[in-house]
Each structure stands twice: as structure tokens, then as C-alpha cells.
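Participant: Shown below is the structure under consideration.
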Amino acid sequence: MDSITFRSDIVLSDVHIYTPNSSHLMVRLNGDGQPVFVSKFKILHNVNTYSKGDLEHLSNEETRGDLISNADSEKKVDTRMENTNVLLDDDGDLDVIRRSDGVLHSDENDQWREIVYPTIISKGEEIFSEEYEEDCSVCNEIRIEHTMGTALEDVGKQVWRGAFLLADYILNNTYLFKDHTILELGAGTGMTSIVMATVAKTIYCTDVGEDLLNMCERNIIANKHIYGTTGSEIKVKELDWLKSEFCIGKSPYCWSEEEIAQLYDQTDVLLAADVFYDDDLTDAFFQTIYRILSNLRNRSTLYLSVEKRLNFTLRKMDVTCDAYDHFRFCLAELENLSDGKTKFAVEPVKLIFPQLLFYERVEQLELWKIIVEPLSSTQQ
């Protein structure tokens, strides 16, 4: 008898699981034939104009009020679930009482589950119409095209909590990024770069794969109401960590020699949000940032968000965080690197800043800061 092989190829972001279904609109099929959805994410409080001194006096009550108003529906769900009679059978197993259709539809005020009527926009119809652009010009709502339930190699087409965490940090610390030139690696749908454009001067938003980069560029164009008045520029470019050279050519996402020179001459902040899920890619990422950081003209800072993902493995018969452990190993190697040219100072960032985007800031989320300093001849 042939051995049984278990496969689990589909990955779904918790961001999409917990976003209300009414926020998802299927708009088209991408180049790979995958359904593309548009989801709405609202910035709960605008701190774009705050300085370092202003942030020290930020009213937590006002911010907390925004969060509470958005969390009311979840709290109501929890309360109603508590009132549900939960029984255990004779063996102590949970005996779930299933609700009938009549219960779900009996009273609108007693519904604990949202009734969803999917809206599918016909192929070729643009979701980003003039009417939509006018409507969003007066709000802080970001709309992101993404796919759901992708294979592991396509997870960049989803939105992840690490992107929200990094965006939160940017919104709370705008003085750190104002008028700077930024390089984001593994930008995916472009969520973090869009938020960064509310502050920074130039953002190189990079990833790999024409279909993903097309999606990223569509999101950037569609969200100009968020950053358009700042005069910032977002350049979508291909950056493949598995290659030692920049993509140079006629493709719209390739680099020109002038752009590469500007990247090295002007960049002083690098970002990466939740890209550490595969050991080989993590190795390639650290090799890439070392190569880039070593050639930057300016003193620079790198911000990395990561989520510890717990998995039970049959090999170890235990719950492990292998991908996270490998990330920490690479982080330690970078900090201890002695090449005589560059010093890397690694430190965790405390997650004590207000939450300005509505997502679940779980305890497994972490933010790391790496300060990169060229060594002078005397220090060498």
C-alpha cells in the first residue's frame, strides 16, 4: 500500500479572516487567473503632522475611543457567545448547539453573525472610479487589491499583520521618516509603502514577479488620496533577493543606472514587513540587505517586523517556531559581523505606541531596529 502524503498548500492571512466580509469586493482575475479582491482599511487617527514633541502629549483617550468604537462589534459577538448555552457530553467533549436559519434571521438586533451578500464587479469594470476617488479624498481609508487563500509562493499578494504593525510605527513616529528616501523590500501589495509616502520623500517599493508588481502599482495609484498632497514619489521596482544584481532593462519595473546610483546615494531607511517565513528566503534577504547597506553613502536604519508563527511538527513532536528561530539566528549573525567596514547595532522596539489601524496586535508580533554605521579608518 502506498504511503499517505498530507499536503497543505493554501495559506490565508489572519487580516483577511478577521476583516468583515462586507469589506471585500471581488474585482477581477489577475494574470495568474486568481480572484482579486479589494479590502478597505481605515486609519483610525491621523498623526501625520505630529512632531516628536507632539507625540509625547498624544491623547491616548482619543485614540482609544477610536479603537473601542471599531471593536464594539467584536465585543458584542463575545457577549452573545457567552450567553449561548454550551454543554459538554458525557466524555467531556464540547457539544456545540447549532443555530437554525430562523434564529439567524429572526431579529436584526440579535444577529451575532453578519449576513453577507457578495458583490462581484464584472470583468473589465474599474473599482477605482471618479466617484470613488472623490469619496475617499476626504477620508483616511486605504483600499488594497489582494488575493486570498494563496500558495506559499504567492503570499506577497495578501496583506499581513506585520505590514500593519510597521505602518503603525510609521504613523506614530513621522519625524523619523520625514523627507527621507526609503527602500522597502518584499513590499507585496504596497500597504506599508503607501503609509510611508504620507511622510517620506521617495520610496522604492520592491518585490519580485510581474503580476505582484502590477498589483502593487495599482494599489499605489488608487491610494493617491492618502499621500498625494505630500509630493512624495513611490517607485515600484523589482528586487530579487536570489540574484546578486539589480534588474536592468526596458521592463517598467527594472532599474536604470541613474536610479541605482540615487538609491545608494540617498537611501537612509530600509523596511521589511513579515517576510521571514522560509529559511532560504531569509538567508537571501540578509545577504541582500548586507550588500545594499554596505554600499550606502549615508548612515542608515533598518526596520523589520516579524510574527512568530507556532507550528506543531511531527518531526520534533512539539510546538516550534522554526522560521522565527532562523530569523533570530541571522539577526545575531549580522550584529556580530566583523567585516571592518560596517557596524550593525540590533535592538527590539517596544510596542507601546498607539494602534492606528484596526487589526489584532497579537503578542507574537515583533518589531526590530538595526542601526547601520560605517566604520572610520581609526575605528577599523
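Scheme for the C-alpha cells: letters A, B, ... for chains in order shown; per-chain residue numbers from 1; ligand numbers from 1 in order shown.
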Taking the DSSP assignment computed from this structure's backbone, write out as a ChimeraX atom specification all residues of stretch 151-281 of chain A that belong to helix (DSSP H, G or I).
Facilitator: /A:152-157,161-172,174-176,191-196,210-222,224-230,257-266,279-281
Participant: Applying 9 Å and only C-alpha atoms, which residues near A:Arg361 remain after dropping the ones on its own chain fewer than 4 positions away? List them as a list of chain:residue names.
Facilitator: A:Arg161, A:Phe164, A:Leu165, A:Gln355, A:Leu365
Participant: Next, dump the selected residues to file, keeping only N, CA and C atoms, as a short mmCIF file (atom, residue, chain, number, x, y, z; two decimals), in the first residue's frame.
Facilitator:
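What ended up in selection_19.cif:
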data_model
loop_
_atom_site.label_atom_id
_atom_site.label_comp_id
_atom_site.auth_asym_id
_atom_site.auth_seq_id
_atom_site.Cartn_x
_atom_site.Cartn_y
_atom_site.Cartn_z
N ARG A 161 -0.32 41.01 9.09
CA ARG A 161 -0.31 41.87 10.29
C ARG A 161 1.01 42.62 10.45
N PHE A 164 0.80 46.01 8.94
CA PHE A 164 0.06 46.94 9.77
C PHE A 164 0.90 47.44 10.94
N LEU A 165 1.66 46.54 11.56
CA LEU A 165 2.49 46.93 12.69
C LEU A 165 3.53 47.97 12.26
N GLN A 355 -2.27 52.08 18.55
CA GLN A 355 -2.65 51.32 17.37
C GLN A 355 -3.59 52.18 16.54
N LEU A 365 3.74 39.35 17.51
CA LEU A 365 4.29 40.37 16.62
C LEU A 365 5.48 41.06 17.27
#
Participant: What does the structure give for the distance between atom CA of A:Arg218 and atom CA of A:Glu233, in Å to one decimal?
Facilitator: 14.4 Å
Participant: Using only C-alpha atoms, which residue out of A:Ala332, A:Ile289, A:Leu271, A:Ile260 lies closest to A:Gly190?
Facilitator: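 Answer, going by the shortest atom-to-atom distance: A:Leu271.
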Participant: What residues in stretch 130-198 of chain A get the DSSP label strand (DSSP E or B)? Please answer as a list in words.
Facilitator: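 Across stretch 130-198 of chain A, those assigned strand (DSSP E or B) are Glu141, Ile142, Arg143, Ile144, Glu145, His146, Thr150, Ala151, Thr181, Ile182, Leu183, Glu184 and Leu185 of chain A.
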